[in-house]
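K.L.:
Next up is a structure, given as structure tokens.
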Amino acid sequence: MRVILAEVGEDPERSGLVDTPARVRRMYAELTAGYAMDAAEVLNDAVFDVEYSEMVVVKDIPFHSLCEHHLLPFAGTAAVAYIPDRRVIGLSKIPRVVDMYARRLQIQERFTQQVADFLMERLAPKGVGVVVEATHLCASMRGVRKPGMVMTTSAVLGLFRSSDKTRAEFFSHLDRPSPGAP
């Protein structure tokens with residue numbers, strides 16, 4: 001960090017910058033904490049045997065991540081759905097899974113697929129669908145410089161891939177306004 005500060009023309013010994021390398025180190029540790037998260041701890045035994053086989057959708061899950069190409073943030077929301085096969089997951093665990101993968105150096109496509117694969121492997125549901133929408137500072141601050149541009153990615157597994165009806169039901173849930181939305 002000191003080298004970068006010097007390269008951009010700053011004095012790393014200036015009073016406002018002298019502690020910056022340590023602050024940046026702590027910031028990156030926090031923003032990449034997903035590497036240290038253990039999947040078993042994320043689930044914390046919150047997988048339950050339940051006779052329920054209809055779609056479960058959790059949407060408007062906010063997240064922040066870092067683009068692995070420029071280390072600039074991208075942020076947005078995730079929507080996650082699954083069709084249980086006698087096993088459901090505690091509601092709070094789905095946002096935790098999203099956080100676990102978001103808090104790594106990422107590209108949005110891989111992040112989306114990782115969330116879907118994790119739930120498919122851990123729950124063995126009939127299917128999983130994940131949609132992620134985000135804005136990327138690497139596209140708005142530099143390069144193409146198009147603020148407000150939104151990238152959407154999806155991953156569909158099991159019934160969400162093989163059944164047009166299931167996939168359409170999932171996407172129809174995403175079109176509905178959330179409770180309390182204007």
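By convention in this document, the chains of the structure tokens carry letters A, B, ... by their order, each chain's residues are numbered from 1, and ligands are numbered from 1 in the order they are shown.
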As an mmCIF file with all heavy atoms, in the first residue's frame, please: all residues of region 35-88 of chain A that backbone DSSP puts in alpha helix (DSSP H).
P.N.:
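Generated output (part-v6.cif):
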```cif
data_model
loop_
_atom_site.group_PDB
_atom_site.id
_atom_site.type_symbol
_atom_site.label_atom_id
_atom_site.label_comp_id
_atom_site.auth_asym_id
_atom_site.auth_seq_id
_atom_site.Cartn_x
_atom_site.Cartn_y
_atom_site.Cartn_z
ATOM 1 N N ALA A 39 -18.352 -23.861 5.742
ATOM 2 C CA ALA A 39 -19.723 -24.141 5.312
ATOM 3 C C ALA A 39 -20.554 -24.766 6.429
ATOM 4 O O ALA A 39 -21.722 -24.419 6.610
ATOM 5 C CB ALA A 39 -19.705 -25.057 4.094
ATOM 6 N N ALA A 40 -19.959 -25.658 7.201
ATOM 7 C CA ALA A 40 -20.699 -26.287 8.299
ATOM 8 C C ALA A 40 -21.108 -25.252 9.345
ATOM 9 O O ALA A 40 -22.210 -25.311 9.888
ATOM 10 C CB ALA A 40 -19.859 -27.388 8.938
ATOM 11 N N GLU A 41 -20.225 -24.288 9.602
ATOM 12 C CA GLU A 41 -20.564 -23.229 10.564
ATOM 13 C C GLU A 41 -21.645 -22.311 10.018
ATOM 14 O O GLU A 41 -22.486 -21.830 10.772
ATOM 15 C CB GLU A 41 -19.322 -22.419 10.916
ATOM 16 C CG GLU A 41 -18.354 -23.150 11.815
ATOM 17 C CD GLU A 41 -17.136 -22.313 12.142
ATOM 18 O OE1 GLU A 41 -17.230 -21.070 12.120
ATOM 19 O OE2 GLU A 41 -16.089 -22.916 12.412
ATOM 20 N N VAL A 42 -21.619 -22.074 8.716
ATOM 21 C CA VAL A 42 -22.647 -21.223 8.105
ATOM 22 C C VAL A 42 -24.013 -21.878 8.286
ATOM 23 O O VAL A 42 -24.987 -21.220 8.661
ATOM 24 C CB VAL A 42 -22.340 -20.977 6.616
ATOM 25 C CG1 VAL A 42 -23.523 -20.343 5.909
ATOM 26 C CG2 VAL A 42 -21.104 -20.104 6.459
ATOM 27 N N LEU A 43 -24.090 -23.173 8.051
ATOM 28 C CA LEU A 43 -25.369 -23.879 8.199
ATOM 29 C C LEU A 43 -25.721 -24.101 9.663
ATOM 30 O O LEU A 43 -26.898 -24.101 10.024
ATOM 31 C CB LEU A 43 -25.326 -25.210 7.462
ATOM 32 C CG LEU A 43 -25.231 -25.114 5.953
ATOM 33 C CD1 LEU A 43 -25.241 -26.506 5.334
ATOM 34 C CD2 LEU A 43 -26.340 -24.272 5.371
#
```
K.L.:
Residues at most 9 Å from Leu123 (chain A), counting only C-alpha atoms, excluding those fewer than 5 positions away in the same chain, as a short mmCIF file (atom, residue, chain, number, x, y, z; two decimals) with all heavy atoms, in the first residue's frame?
P.N.:
```cif
data_model
loop_
_atom_site.label_atom_id
_atom_site.label_comp_id
_atom_site.auth_asym_id
_atom_site.auth_seq_id
_atom_site.Cartn_x
_atom_site.Cartn_y
_atom_site.Cartn_z
N VAL A 47 -30.53 -27.33 9.10
CA VAL A 47 -31.20 -28.06 8.02
C VAL A 47 -32.19 -29.00 8.70
O VAL A 47 -31.81 -29.78 9.58
CB VAL A 47 -30.19 -28.84 7.14
CG1 VAL A 47 -30.92 -29.63 6.08
CG2 VAL A 47 -29.19 -27.89 6.51
N PRO A 84 -37.61 -27.95 -1.91
CA PRO A 84 -37.11 -28.95 -0.96
C PRO A 84 -37.51 -30.37 -1.35
O PRO A 84 -38.53 -30.60 -1.99
CB PRO A 84 -37.79 -28.58 0.36
CG PRO A 84 -38.31 -27.20 0.17
CD PRO A 84 -38.55 -27.02 -1.30
N ASP A 85 -36.67 -31.29 -0.95
CA ASP A 85 -36.99 -32.71 -1.03
C ASP A 85 -36.85 -33.25 0.39
O ASP A 85 -35.89 -33.93 0.73
CB ASP A 85 -36.04 -33.42 -1.99
CG ASP A 85 -36.48 -34.85 -2.27
OD1 ASP A 85 -37.60 -35.24 -1.84
OD2 ASP A 85 -35.71 -35.58 -2.92
N ARG A 87 -36.09 -31.58 3.01
CA ARG A 87 -35.09 -30.88 3.83
C ARG A 87 -35.18 -29.40 3.51
O ARG A 87 -35.09 -29.00 2.36
CB ARG A 87 -33.69 -31.38 3.52
CG ARG A 87 -33.47 -32.82 3.96
CD ARG A 87 -32.15 -33.33 3.47
NE ARG A 87 -31.10 -32.36 3.73
CZ ARG A 87 -29.88 -32.66 4.10
NH1 ARG A 87 -29.53 -33.90 4.27
NH2 ARG A 87 -28.98 -31.73 4.30
N VAL A 88 -35.36 -28.59 4.57
CA VAL A 88 -35.38 -27.13 4.40
C VAL A 88 -34.24 -26.55 5.23
O VAL A 88 -33.75 -27.16 6.18
CB VAL A 88 -36.73 -26.50 4.80
CG1 VAL A 88 -37.86 -27.03 3.92
CG2 VAL A 88 -37.04 -26.70 6.27
N ILE A 89 -33.87 -25.34 4.87
CA ILE A 89 -32.78 -24.64 5.55
C ILE A 89 -33.36 -23.45 6.30
O ILE A 89 -34.33 -22.84 5.84
CB ILE A 89 -31.70 -24.20 4.52
CG1 ILE A 89 -30.45 -23.67 5.22
CG2 ILE A 89 -32.26 -23.20 3.55
CD1 ILE A 89 -29.30 -23.44 4.25
N PHE A 118 -23.71 -24.72 -3.91
CA PHE A 118 -23.67 -24.98 -2.47
C PHE A 118 -25.01 -25.53 -1.98
O PHE A 118 -25.06 -26.54 -1.28
CB PHE A 118 -23.32 -23.69 -1.71
CG PHE A 118 -23.29 -23.86 -0.22
CD1 PHE A 118 -22.12 -24.21 0.42
CD2 PHE A 118 -24.43 -23.64 0.54
CE1 PHE A 118 -22.08 -24.36 1.81
CE2 PHE A 118 -24.41 -23.79 1.92
CZ PHE A 118 -23.23 -24.15 2.57
#
```
K.L.:
Report as JSON, numbers by chain all protein, DNA and RNA residues lying within 8 Å of region 99-111 of chain A, evaluated on only C-alpha atoms, omitting residues in the same chain fewer than 3 positions from it.
P.N.:
{"A": [30, 31, 32, 33, 34, 35, 37, 63, 64, 65, 66, 67, 68, 71, 95, 96, 114, 115, 132, 153, 154]}
K.L.:
If you measure from CA of Val98 (chain A) to CA of Ser162 (chain A), what distance in Å do you get, rounded to one decimal?
P.N.:
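We find that CA of Val98 (chain A) and CA of Ser162 (chain A) lie 24.0 Å from each other.
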K.L.:
Select from region 40-104 of chain A everything DSSP, run on the backbone, classes as strand (DSSP E), then give the selection as JSON, numbers by chain.
P.N.:
{"A": [47, 48, 49, 56, 57, 58, 59, 60, 61, 62, 63, 64, 65, 66, 67, 73, 74, 75, 76, 77, 78, 79, 80, 81, 82, 83, 87, 88, 89]}
